[in-house]
Amino acid sequence: MRVLVTGGAGFLGSHLCDAMLAEEHSIVCADNLLTGRMENLAHLGRESRFEFLQQDVCEAFDPGKIDYLFHFASPASPVDYLKHGIETLRVGSAGTINCLEIAKKYNAKFLLASTSECYGDPLEHPQKESYWGHVNSIGPRSVYDEAKRFAEAATMAYHRYHAVDTRIVRIFNTYGPRLQIDDGRVISNFMRQALRGEDLTVYGDGMQTRSFCCVSDEIAGILALSKSEEHLPVNIGNPTEFTMLKCAEVVLEVTGSASKIRFELLPQDDPKQRRPDITKARTLLGWEPKIDLRTGLQLSLNYFREAVLANSSAACR
Ligand code: NAD
Ligand code: UDP
């Protein structure tokens with residue numbers, strides 16, 4: 001297949017490019033480098049089946065005939081989408097419509113990278129795909145949450161009105177090599193702080209929960225979904241739930257750091273709990289994650305060490 005990956009210079013998009021290349025496909029990656037980095041693609045420099053387009057997907061563009069479109073372009077961490085609020089709304093709305101039009105034009109399959117944020121601060125726990133969510137449409141996080149909810153609505157509408165062959169994955173917190181060290185997400189912050197011997201910043205009382213999925217598991221789940229016939233959303237994430245205090249403890253243990261914990265203010269509308277119900281992925285795709293948080297962080301340790309070093313030497317220059 002010839003596959004278009006939007007957001008392919010980002011954390012997940014670059015891993016997806018690798019996985020699709022390993023399956024012998026040709027890739028066109030469209031990215032405007034708003035939050036992504038060419039370093040994530042540096043290893044593909046000599047790969048003849050890989051093409052990079054520096055492109056804002058909110059603007060009209062034509063990648064040529066494609067067979068599959070994976071729409072991953074969007075700021076994803078709270079720090080990034082709060083900094084780029086309007087861009088986030090645009091890429092979820094105009095950017096998604098643009099990409100759906102491309103899929104329609106070439107009769108290509110389409111997969112949307114959606115998010116657990118569609119559930120907002122959930123009142124149902126764990127979250128099943130049938131739950132409609134509890135989202136503050138005017139709060140600071142709404143630039144991301146509502147953009148993704150619009151993107152899901154647009155995807156379903158192109159499926160219903162134009163018979164575009166679509167998929168929607170609701171991704172839960174994912175970590176691993178190439179996670180930007182300074183994107184403010186909890187794993188990148190804790191790993192950076194632990195490796196530098198700085199205090200780990202726990203927001204609020206640290207009793208809020210998240211469920212962390214290793215990137216290799218996440219990509220395997222997304223690929224399984226892409227090959228299925230399911231058009232309705234599917235949760236892909238790791239169902240083991242951690243409080244942020246417990247997460248800090250695991251990071252300290254894996255890094256062997258003597259850092260202390262410092263409590264800071266909880267951001268507005270920070271969801272209190274998140275855990276995917278993955279029954280649908282298990283039964284429909286035969287997928288479930290294999291790597292627990294401790295193992296996944298150990299596997300990512302070298303990357304985080306190098307990223308912290310590179311980041312410190314860049315700061316010294
Ligand atoms: P990332 O910031 O590393 O990657 C996003 C990429 O999109 C970047 O390379 C960025 O430059 C690009 N981009 C942003 N706006 C663009 C535009 N208008 N045109 C072209 N490119 C643009 O983030 P990520 O963690 O890799 O997330 C990828 C996707 O997965 C996002 O859609 C995100 O919402 C979704 N997601 C990620 C997670 C997670 O835990 N990583 C969780 C839920 C959903
Ligand atoms: N968090 C934290 N310390 C940090 C960064 C984040 O305690 O340095 C908390 C944050 O308040 C949230 C959780 O960790 O409850 C996950 O935050 P993240 O930004 O990784 O992603 P989210 O799931 O909120 O989109």
# chains A, B, ... in the order shown; residues from 1 in each chain; ligands from 1
$ closest_atom_pairs --of "chain A" --to "ligand 2" --cutoff "8 Å" --atoms "only C-alpha atoms and all ligand atoms" --output "JSON lines"
{"residue": "A:Ala76", "atom": "CA", "partner": "ligand 2", "partner_atom_place_in_ligand_line": "25 (O)", "distance": 7.7}
{"residue": "A:Ser77", "atom": "CA", "partner": "ligand 2", "partner_atom_place_in_ligand_line": "19 (O)", "distance": 5.8}
{"residue": "A:Pro78", "atom": "CA", "partner": "ligand 2", "partner_atom_place_in_ligand_line": "19 (O)", "distance": 5.3}
{"residue": "A:Val79", "atom": "CA", "partner": "ligand 2", "partner_atom_place_in_ligand_line": "19 (O)", "distance": 7.1}
{"residue": "A:Glu117", "atom": "CA", "partner": "ligand 2", "partner_atom_place_in_ligand_line": "25 (O)", "distance": 7.0}
{"residue": "A:Phe172", "atom": "CA", "partner": "ligand 2", "partner_atom_place_in_ligand_line": "23 (O)", "distance": 7.7}
{"residue": "A:Asn173", "atom": "CA", "partner": "ligand 2", "partner_atom_place_in_ligand_line": "23 (O)", "distance": 5.9}
{"residue": "A:Gly184", "atom": "CA", "partner": "ligand 2", "partner_atom_place_in_ligand_line": "5 (C)", "distance": 5.7}
{"residue": "A:Arg185", "atom": "CA", "partner": "ligand 2", "partner_atom_place_in_ligand_line": "20 (O)", "distance": 3.4}
{"residue": "A:Val186", "atom": "CA", "partner": "ligand 2", "partner_atom_place_in_ligand_line": "5 (C)", "distance": 3.6}
{"residue": "A:Ile187", "atom": "CA", "partner": "ligand 2", "partner_atom_place_in_ligand_line": "20 (O)", "distance": 6.2}
{"residue": "A:Ser188", "atom": "CA", "partner": "ligand 2", "partner_atom_place_in_ligand_line": "20 (O)", "distance": 7.8}
{"residue": "A:Asn189", "atom": "CA", "partner": "ligand 2", "partner_atom_place_in_ligand_line": "8 (O)", "distance": 4.9}
{"residue": "A:Phe190", "atom": "CA", "partner": "ligand 2", "partner_atom_place_in_ligand_line": "8 (O)", "distance": 6.2}
{"residue": "A:Leu200", "atom": "CA", "partner": "ligand 2", "partner_atom_place_in_ligand_line": "8 (O)", "distance": 6.8}
{"residue": "A:Thr201", "atom": "CA", "partner": "ligand 2", "partner_atom_place_in_ligand_line": "8 (O)", "distance": 4.7}
{"residue": "A:Val202", "atom": "CA", "partner": "ligand 2", "partner_atom_place_in_ligand_line": "7 (O)", "distance": 3.6}
{"residue": "A:Tyr203", "atom": "CA", "partner": "ligand 2", "partner_atom_place_in_ligand_line": "7 (O)", "distance": 3.8}
{"residue": "A:Gly204", "atom": "CA", "partner": "ligand 2", "partner_atom_place_in_ligand_line": "7 (O)", "distance": 7.0}
{"residue": "A:Gly206", "atom": "CA", "partner": "ligand 2", "partner_atom_place_in_ligand_line": "7 (O)", "distance": 6.0}
{"residue": "A:Gln208", "atom": "CA", "partner": "ligand 2", "partner_atom_place_in_ligand_line": "15 (O)", "distance": 5.6}
{"residue": "A:Thr209", "atom": "CA", "partner": "ligand 2", "partner_atom_place_in_ligand_line": "15 (O)", "distance": 6.6}
{"residue": "A:Arg210", "atom": "CA", "partner": "ligand 2", "partner_atom_place_in_ligand_line": "16 (C)", "distance": 6.4}
{"residue": "A:Met244", "atom": "CA", "partner": "ligand 2", "partner_atom_place_in_ligand_line": "7 (O)", "distance": 5.6}
{"residue": "A:Leu245", "atom": "CA", "partner": "ligand 2", "partner_atom_place_in_ligand_line": "7 (O)", "distance": 7.8}
{"residue": "A:Glu264", "atom": "CA", "partner": "ligand 2", "partner_atom_place_in_ligand_line": "7 (O)", "distance": 7.9}
{"residue": "A:Leu266", "atom": "CA", "partner": "ligand 2", "partner_atom_place_in_ligand_line": "11 (O)", "distance": 5.7}
{"residue": "A:Pro267", "atom": "CA", "partner": "ligand 2", "partner_atom_place_in_ligand_line": "11 (O)", "distance": 6.1}
{"residue": "A:Asp270", "atom": "CA", "partner": "ligand 2", "partner_atom_place_in_ligand_line": "15 (O)", "distance": 5.6}
{"residue": "A:Pro271", "atom": "CA", "partner": "ligand 2", "partner_atom_place_in_ligand_line": "15 (O)", "distance": 6.3}
{"residue": "A:Lys272", "atom": "CA", "partner": "ligand 2", "partner_atom_place_in_ligand_line": "15 (O)", "distance": 6.8}
{"residue": "A:Arg274", "atom": "CA", "partner": "ligand 2", "partner_atom_place_in_ligand_line": "23 (O)", "distance": 7.8}
$ write_last_selection --atoms "C-alpha atoms" --output "PDB file, in the first residue's frame"
ATOM      1  CA  ALA A  76      -1.255  15.950  22.070  1.00  0.00           C
ATOM      2  CA  SER A  77       0.195  16.905  25.462  1.00  0.00           C
ATOM      3  CA  PRO A  78      -1.699  19.358  27.687  1.00  0.00           C
ATOM      4  CA  VAL A  79       1.287  21.751  27.631  1.00  0.00           C
ATOM      5  CA  GLU A 117      -9.921  12.879  26.333  1.00  0.00           C
ATOM      6  CA  PHE A 172      -4.972   6.276  26.264  1.00  0.00           C
ATOM      7  CA  ASN A 173      -1.733   7.754  27.720  1.00  0.00           C
ATOM      8  CA  GLY A 184       5.006  18.413  30.077  1.00  0.00           C
ATOM      9  CA  ARG A 185       3.378  14.962  30.115  1.00  0.00           C
ATOM     10  CA  VAL A 186       3.682  13.145  33.398  1.00  0.00           C
ATOM     11  CA  ILE A 187       6.038  10.386  32.197  1.00  0.00           C
ATOM     12  CA  SER A 188       8.368  12.806  30.386  1.00  0.00           C
ATOM     13  CA  ASN A 189       8.394  15.200  33.357  1.00  0.00           C
ATOM     14  CA  PHE A 190       9.001  12.492  35.979  1.00  0.00           C
ATOM     15  CA  LEU A 200       9.260  15.146  40.868  1.00  0.00           C
ATOM     16  CA  THR A 201       6.329  17.540  40.471  1.00  0.00           C
ATOM     17  CA  VAL A 202       3.116  15.788  41.498  1.00  0.00           C
ATOM     18  CA  TYR A 203       0.056  17.902  40.712  1.00  0.00           C
ATOM     19  CA  GLY A 204      -2.741  18.064  43.308  1.00  0.00           C
ATOM     20  CA  GLY A 206      -1.373  12.794  43.351  1.00  0.00           C
ATOM     21  CA  GLN A 208      -5.725  11.098  40.311  1.00  0.00           C
ATOM     22  CA  THR A 209      -5.203   8.049  38.091  1.00  0.00           C
ATOM     23  CA  ARG A 210      -4.013   7.278  34.562  1.00  0.00           C
ATOM     24  CA  MET A 244       0.326   9.742  40.007  1.00  0.00           C
ATOM     25  CA  LEU A 245       2.008   9.139  43.372  1.00  0.00           C
ATOM     26  CA  GLU A 264       2.135  21.524  42.866  1.00  0.00           C
ATOM     27  CA  LEU A 266      -3.635  20.640  40.027  1.00  0.00           C
ATOM     28  CA  PRO A 267      -4.431  22.107  36.577  1.00  0.00           C
ATOM     29  CA  ASP A 270      -7.653  17.652  35.257  1.00  0.00           C
ATOM     30  CA  PRO A 271      -9.499  14.311  34.936  1.00  0.00           C
ATOM     31  CA  LYS A 272      -9.615  12.426  38.267  1.00  0.00           C
ATOM     32  CA  ARG A 274      -8.765   7.182  33.508  1.00  0.00           C
TER      33      ARG A 274
END
$ select_by_dssp --residues "region 112-310 of chain A" --states "strand (DSSP E)" --output "ChimeraX atom specification"
/A:112-115,166-171,174-175,200-203,209-211,213-214,234-236,241-243,261-264
$ closest_atom_pairs --of "chain A" --to "ligand 1" --cutoff "6 Å" --atoms "only C-alpha atoms and all ligand atoms" --output "CSV"
residue,atom,partner,partner_atom_place_in_ligand_line,distance
A:Thr6,CA,ligand 1,21 (N),5.9
A:Gly7,CA,ligand 1,7 (O),3.4
A:Gly8,CA,ligand 1,9 (O),5.7
A:Ala9,CA,ligand 1,9 (O),4.1
A:Gly10,CA,ligand 1,9 (O),3.3
A:Phe11,CA,ligand 1,26 (O),3.7
A:Leu12,CA,ligand 1,26 (O),3.7
A:Gly13,CA,ligand 1,26 (O),5.4
A:Ala30,CA,ligand 1,20 (C),5.9
A:Asp31,CA,ligand 1,21 (N),3.5
A:Asn32,CA,ligand 1,20 (C),4.2
A:Leu33,CA,ligand 1,11 (O),3.4
A:Leu34,CA,ligand 1,11 (O),3.8
A:Thr35,CA,ligand 1,11 (O),4.0
A:Gly36,CA,ligand 1,9 (O),3.0
A:Gln55,CA,ligand 1,20 (C),5.6
A:Asp56,CA,ligand 1,19 (N),3.5
A:Val57,CA,ligand 1,19 (N),4.1
A:Cys58,CA,ligand 1,18 (N),5.3
A:Phe72,CA,ligand 1,32 (O),4.0
A:Ala73,CA,ligand 1,7 (O),3.4
A:Ser74,CA,ligand 1,14 (C),3.9
A:Pro75,CA,ligand 1,2 (O),4.5
A:Ala76,CA,ligand 1,33 (C),4.4
A:Val91,CA,ligand 1,18 (N),4.8
A:Ala113,CA,ligand 1,32 (O),5.0
A:Ser114,CA,ligand 1,44 (C),5.4
A:Thr115,CA,ligand 1,43 (C),4.0
A:Ile171,CA,ligand 1,43 (C),4.2
A:Phe172,CA,ligand 1,42 (C),4.9
A:Asn173,CA,ligand 1,40 (O),3.6
A:Thr174,CA,ligand 1,40 (O),3.7
$ write_last_selection --atoms "N, CA and C atoms" --output "compact mmCIF listing (two decimals), in the first residue's frame"
# COMPACT_ATOMS: atom_id res chain seq x y z
N THR A 6 -0.34 11.47 8.67
CA THR A 6 -0.22 12.88 9.08
C THR A 6 0.30 12.89 10.51
N GLY A 7 1.14 13.87 10.83
CA GLY A 7 1.75 13.90 12.16
C GLY A 7 2.84 12.85 12.31
N GLY A 8 3.41 12.43 11.18
CA GLY A 8 4.39 11.33 11.19
C GLY A 8 5.74 11.69 11.79
N ALA A 9 5.99 12.98 12.04
CA ALA A 9 7.26 13.36 12.69
C ALA A 9 7.10 13.41 14.21
N GLY A 10 5.91 13.08 14.68
CA GLY A 10 5.67 13.10 16.13
C GLY A 10 6.03 11.77 16.77
N PHE A 11 5.73 11.68 18.04
CA PHE A 11 6.04 10.49 18.85
C PHE A 11 5.36 9.24 18.26
N LEU A 12 4.03 9.21 18.25
CA LEU A 12 3.33 8.01 17.77
C LEU A 12 3.44 7.86 16.26
N GLY A 13 3.32 8.98 15.54
CA GLY A 13 3.35 8.93 14.07
C GLY A 13 4.64 8.33 13.55
N ALA A 30 3.15 13.56 6.26
CA ALA A 30 2.86 15.00 6.17
C ALA A 30 2.86 15.58 7.57
N ASP A 31 3.72 16.56 7.78
CA ASP A 31 3.85 17.14 9.13
C ASP A 31 4.35 18.57 8.99
N ASN A 32 3.79 19.46 9.81
CA ASN A 32 4.27 20.86 9.76
C ASN A 32 5.30 21.15 10.86
N LEU A 33 5.69 20.11 11.61
CA LEU A 33 6.71 20.20 12.65
C LEU A 33 6.33 21.15 13.79
N LEU A 34 5.03 21.34 14.02
CA LEU A 34 4.60 22.20 15.12
C LEU A 34 5.08 21.64 16.46
N THR A 35 4.85 20.36 16.68
CA THR A 35 5.35 19.72 17.92
C THR A 35 6.24 18.52 17.61
N GLY A 36 6.35 18.16 16.34
CA GLY A 36 7.16 17.00 15.95
C GLY A 36 8.60 17.41 15.66
N GLN A 55 4.15 19.99 5.64
CA GLN A 55 2.81 20.40 5.19
C GLN A 55 1.89 20.59 6.39
N ASP A 56 1.22 21.74 6.41
CA ASP A 56 0.14 21.93 7.37
C ASP A 56 -1.10 21.25 6.77
N VAL A 57 -1.63 20.25 7.45
CA VAL A 57 -2.74 19.49 6.85
C VAL A 57 -4.07 20.26 6.90
N CYS A 58 -4.07 21.44 7.52
CA CYS A 58 -5.27 22.29 7.47
C CYS A 58 -5.36 22.99 6.11
N PHE A 72 -2.88 11.42 12.31
CA PHE A 72 -2.30 11.56 13.65
C PHE A 72 -1.89 13.00 13.97
N ALA A 73 -2.00 13.91 13.00
CA ALA A 73 -1.54 15.28 13.24
C ALA A 73 -2.40 15.95 14.30
N SER A 74 -1.79 16.43 15.34
CA SER A 74 -2.43 17.24 16.38
C SER A 74 -1.47 17.36 17.56
N PRO A 75 -1.35 18.56 18.13
CA PRO A 75 -0.66 18.62 19.43
C PRO A 75 -1.38 17.65 20.36
N ALA A 76 -0.63 17.02 21.27
CA ALA A 76 -1.26 15.95 22.07
C ALA A 76 -1.07 16.12 23.57
N VAL A 91 -6.60 21.81 13.50
CA VAL A 91 -6.18 20.53 12.93
C VAL A 91 -7.22 19.44 13.22
N ALA A 113 -6.67 9.10 14.78
CA ALA A 113 -6.11 8.99 16.14
C ALA A 113 -6.95 9.87 17.04
N SER A 114 -7.88 9.25 17.75
CA SER A 114 -8.67 9.99 18.74
C SER A 114 -8.08 9.71 20.12
N THR A 115 -8.81 10.00 21.15
CA THR A 115 -8.19 10.05 22.48
C THR A 115 -9.17 9.74 23.60
N ILE A 171 -6.98 6.51 21.92
CA ILE A 171 -5.67 6.20 22.51
C ILE A 171 -5.64 6.70 23.95
N PHE A 172 -5.18 5.86 24.86
CA PHE A 172 -4.97 6.28 26.26
C PHE A 172 -3.47 6.53 26.45
N ASN A 173 -3.13 7.31 27.47
CA ASN A 173 -1.73 7.75 27.72
C ASN A 173 -0.69 6.73 27.29
N THR A 174 0.14 7.12 26.35
CA THR A 174 1.17 6.23 25.81
C THR A 174 2.55 6.87 26.02
$ atom_distance --atom1 "CA of Asn107 (chain A)" --atom2 "CA of Arg282 (chain A)"
28.8 Å
$ residues_around --residues "Lys105 (chain A)" --least-positions-apart "4" --cutoff "9 Å" --atoms "only C-alpha atoms" --output "list of chain:residue names"
A:Lys65, A:Leu100, A:Glu101
$ residues_around --residues "region 19-25 of chain A" --least-positions-apart "3" --cutoff "12 Å" --atoms "only C-alpha atoms" --output "PDB file with C-alpha atoms, in the first residue's frame"
ATOM      1  CA  MET A   1       0.000   0.000   0.000  1.00  0.00           C
ATOM      2  CA  ARG A   2       0.917   3.649  -0.324  1.00  0.00           C
ATOM      3  CA  VAL A   3       0.089   5.131   3.083  1.00  0.00           C
ATOM      4  CA  LEU A   4      -0.231   8.760   4.204  1.00  0.00           C
ATOM      5  CA  VAL A   5       0.626   9.364   7.869  1.00  0.00           C
ATOM      6  CA  GLY A   8       4.393  11.330  11.192  1.00  0.00           C
ATOM      7  CA  LEU A  12       3.330   8.015  17.770  1.00  0.00           C
ATOM      8  CA  GLY A  13       3.345   8.931  14.069  1.00  0.00           C
ATOM      9  CA  SER A  14       7.053   8.148  13.696  1.00  0.00           C
ATOM     10  CA  HIS A  15       6.610   4.719  15.344  1.00  0.00           C
ATOM     11  CA  LEU A  16       3.651   4.095  13.056  1.00  0.00           C
ATOM     12  CA  VAL A  28       4.190   9.629   2.744  1.00  0.00           C
ATOM     13  CA  CYS A  29       4.521  11.565   5.980  1.00  0.00           C
ATOM     14  CA  LEU A  44      14.671   6.849   7.590  1.00  0.00           C
ATOM     15  CA  GLU A  47      14.717   4.675   2.955  1.00  0.00           C
ATOM     16  CA  SER A  48      13.421   4.848  -0.649  1.00  0.00           C
ATOM     17  CA  ARG A  49       9.876   3.919   0.435  1.00  0.00           C
ATOM     18  CA  PHE A  50       9.673   6.957   2.726  1.00  0.00           C
ATOM     19  CA  GLU A  51       8.789  10.500   1.652  1.00  0.00           C
ATOM     20  CA  ILE A  66      -2.933   6.628  -1.506  1.00  0.00           C
ATOM     21  CA  ASP A  67      -4.516   3.438  -0.167  1.00  0.00           C
ATOM     22  CA  TYR A  68      -4.649   4.275   3.544  1.00  0.00           C
ATOM     23  CA  LEU A  69      -4.578   7.524   5.539  1.00  0.00           C
ATOM     24  CA  PHE A  70      -3.628   7.568   9.234  1.00  0.00           C
ATOM     25  CA  VAL A 215       4.307   2.529  22.561  1.00  0.00           C
ATOM     26  CA  SER A 216       5.021  -0.908  21.026  1.00  0.00           C
ATOM     27  CA  ASP A 217       1.748  -2.248  22.465  1.00  0.00           C
ATOM     28  CA  GLU A 218      -0.135   0.856  21.347  1.00  0.00           C
ATOM     29  CA  ILE A 219       1.117   0.611  17.754  1.00  0.00           C
ATOM     30  CA  ALA A 220       0.321  -3.127  17.621  1.00  0.00           C
ATOM     31  CA  GLY A 221      -3.253  -2.338  18.705  1.00  0.00           C
ATOM     32  CA  ILE A 222      -3.621   0.458  16.160  1.00  0.00           C
ATOM     33  CA  LEU A 223      -2.358  -1.785  13.346  1.00  0.00           C
ATOM     34  CA  ALA A 224      -4.772  -4.543  14.385  1.00  0.00           C
ATOM     35  CA  SER A 226      -6.527  -0.705  10.901  1.00  0.00           C
TER      36      SER A 226
END
$ select_by_dssp --residues "region 64-297 of chain A" --states "alpha helix (DSSP H)" --output "PyMOL selection string"
chain A and resi 78-83+85-92+94-106+142-162+186-196+215-226+244-255+279-280+293-297
$ residues_around --residues "Tyr144 (chain A)" --least-positions-apart "6" --cutoff "7 Å" --atoms "only C-alpha atoms" --output "PyMOL selection string"
chain A and resi 81+88-89
$ write_last_selection --atoms "all heavy atoms" --output "PDB file, in the first residue's frame"
ATOM      1  N   TYR A  81      -1.034  21.522  23.686  1.00  0.00           N
ATOM      2  CA  TYR A  81      -2.311  22.015  23.131  1.00  0.00           C
ATOM      3  C   TYR A  81      -2.810  23.273  23.833  1.00  0.00           C
ATOM      4  O   TYR A  81      -3.558  24.051  23.238  1.00  0.00           O
ATOM      5  CB  TYR A  81      -3.375  20.914  22.999  1.00  0.00           C
ATOM      6  CG  TYR A  81      -3.904  20.213  24.242  1.00  0.00           C
ATOM      7  CD1 TYR A  81      -4.685  20.862  25.196  1.00  0.00           C
ATOM      8  CD2 TYR A  81      -3.673  18.855  24.417  1.00  0.00           C
ATOM      9  CE1 TYR A  81      -5.195  20.200  26.295  1.00  0.00           C
ATOM     10  CE2 TYR A  81      -4.180  18.175  25.522  1.00  0.00           C
ATOM     11  CZ  TYR A  81      -4.937  18.847  26.458  1.00  0.00           C
ATOM     12  OH  TYR A  81      -5.448  18.180  27.547  1.00  0.00           O
ATOM     13  N   THR A  88      -4.735  23.636  17.498  1.00  0.00           N
ATOM     14  CA  THR A  88      -5.296  22.334  17.885  1.00  0.00           C
ATOM     15  C   THR A  88      -6.745  22.211  17.408  1.00  0.00           C
ATOM     16  O   THR A  88      -7.150  21.180  16.852  1.00  0.00           O
ATOM     17  CB  THR A  88      -5.212  22.155  19.416  1.00  0.00           C
ATOM     18  OG1 THR A  88      -3.840  22.314  19.798  1.00  0.00           O
ATOM     19  CG2 THR A  88      -5.702  20.796  19.869  1.00  0.00           C
ATOM     20  N   LEU A  89      -7.508  23.300  17.606  1.00  0.00           N
ATOM     21  CA  LEU A  89      -8.890  23.294  17.120  1.00  0.00           C
ATOM     22  C   LEU A  89      -8.923  23.155  15.596  1.00  0.00           C
ATOM     23  O   LEU A  89      -9.752  22.439  15.034  1.00  0.00           O
ATOM     24  CB  LEU A  89      -9.594  24.601  17.526  1.00  0.00           C
ATOM     25  CG  LEU A  89     -10.055  24.668  18.977  1.00  0.00           C
ATOM     26  CD1 LEU A  89     -10.362  26.101  19.392  1.00  0.00           C
ATOM     27  CD2 LEU A  89     -11.300  23.794  19.185  1.00  0.00           C
TER      28      LEU A  89
END
$ atom_distance --atom1 "CA of Lys290 (chain A)" --atom2 "CA of Phe242 (chain A)"
16.6 Å
$ residues_around --residues "Glu229 (chain A)" --least-positions-apart "6" --cutoff "9 Å" --atoms "only C-alpha atoms" --output "short mmCIF file (atom, residue, chain, number, x, y, z; two decimals) with all heavy atoms, in the first residue's frame"
data_model
loop_
_atom_site.label_atom_id
_atom_site.label_comp_id
_atom_site.auth_asym_id
_atom_site.auth_seq_id
_atom_site.Cartn_x
_atom_site.Cartn_y
_atom_site.Cartn_z
N ASP A 165 -14.25 4.36 4.18
CA ASP A 165 -13.99 3.19 5.01
C ASP A 165 -13.13 3.62 6.22
O ASP A 165 -11.91 3.64 6.13
CB ASP A 165 -13.28 2.15 4.13
CG ASP A 165 -13.25 0.78 4.76
OD1 ASP A 165 -13.73 0.63 5.90
OD2 ASP A 165 -12.72 -0.13 4.10
N THR A 166 -13.77 3.99 7.32
CA THR A 166 -13.08 4.66 8.42
C THR A 166 -12.90 3.78 9.66
O THR A 166 -13.63 2.81 9.87
CB THR A 166 -13.87 5.92 8.86
OG1 THR A 166 -15.19 5.50 9.24
CG2 THR A 166 -13.96 6.94 7.74
N ARG A 167 -11.92 4.17 10.50
CA ARG A 167 -11.68 3.57 11.82
C ARG A 167 -11.39 4.72 12.79
O ARG A 167 -10.83 5.74 12.38
CB ARG A 167 -10.42 2.68 11.83
CG ARG A 167 -10.20 1.79 10.62
CD ARG A 167 -10.96 0.48 10.74
NE ARG A 167 -10.77 -0.38 9.58
CZ ARG A 167 -11.33 -0.24 8.38
NH1 ARG A 167 -12.14 0.79 8.15
NH2 ARG A 167 -11.11 -1.09 7.41
#
$ residues_around --residues "Leu232 (chain A)" --least-positions-apart "3" --cutoff "10 Å" --atoms "only C-alpha atoms" --output "MDAnalysis selection string"
chainID A and resid 129:130 152 155:156 166:169 229
$ decode --residues "region 120-135 of chain A" --atoms "N, CA and C atoms" --output "compact mmCIF listing (two decimals), in the first residue's frame"
# COMPACT_ATOMS: atom_id res chain seq x y z
N GLY A 120 -13.51 13.08 28.72
CA GLY A 120 -13.40 14.20 29.66
C GLY A 120 -12.99 13.72 31.04
N ASP A 121 -13.65 14.28 32.06
CA ASP A 121 -13.43 13.86 33.45
C ASP A 121 -14.53 12.83 33.72
N PRO A 122 -14.27 11.55 33.46
CA PRO A 122 -15.37 10.58 33.29
C PRO A 122 -16.12 10.25 34.57
N LEU A 123 -17.43 10.09 34.43
CA LEU A 123 -18.26 9.68 35.56
C LEU A 123 -18.46 8.17 35.54
N GLU A 124 -18.10 7.55 34.41
CA GLU A 124 -18.18 6.09 34.31
C GLU A 124 -16.75 5.55 34.36
N HIS A 125 -16.55 4.46 35.13
CA HIS A 125 -15.20 3.95 35.32
C HIS A 125 -15.20 2.44 35.40
N PRO A 126 -14.36 1.72 34.67
CA PRO A 126 -13.50 2.21 33.60
C PRO A 126 -14.34 2.67 32.39
N GLN A 127 -13.66 3.28 31.41
CA GLN A 127 -14.40 3.85 30.30
C GLN A 127 -14.58 2.83 29.17
N LYS A 128 -15.86 2.59 28.84
CA LYS A 128 -16.20 1.75 27.68
C LYS A 128 -16.43 2.70 26.51
N GLU A 129 -16.33 2.19 25.30
CA GLU A 129 -16.53 3.01 24.11
C GLU A 129 -17.95 3.58 24.04
N SER A 130 -18.90 2.90 24.70
CA SER A 130 -20.30 3.34 24.65
C SER A 130 -20.54 4.58 25.52
N TYR A 131 -19.59 4.93 26.39
CA TYR A 131 -19.77 6.10 27.28
C TYR A 131 -19.57 7.40 26.49
N TRP A 132 -20.53 8.34 26.64
CA TRP A 132 -20.49 9.57 25.84
C TRP A 132 -19.57 10.64 26.41
N GLY A 133 -19.16 10.49 27.64
CA GLY A 133 -18.17 11.43 28.18
C GLY A 133 -18.76 12.54 29.03
N HIS A 134 -17.86 13.26 29.68
CA HIS A 134 -18.22 14.34 30.62
C HIS A 134 -17.19 15.44 30.41
N VAL A 135 -17.50 16.29 29.41
CA VAL A 135 -16.49 17.25 28.93
C VAL A 135 -16.97 18.67 29.16
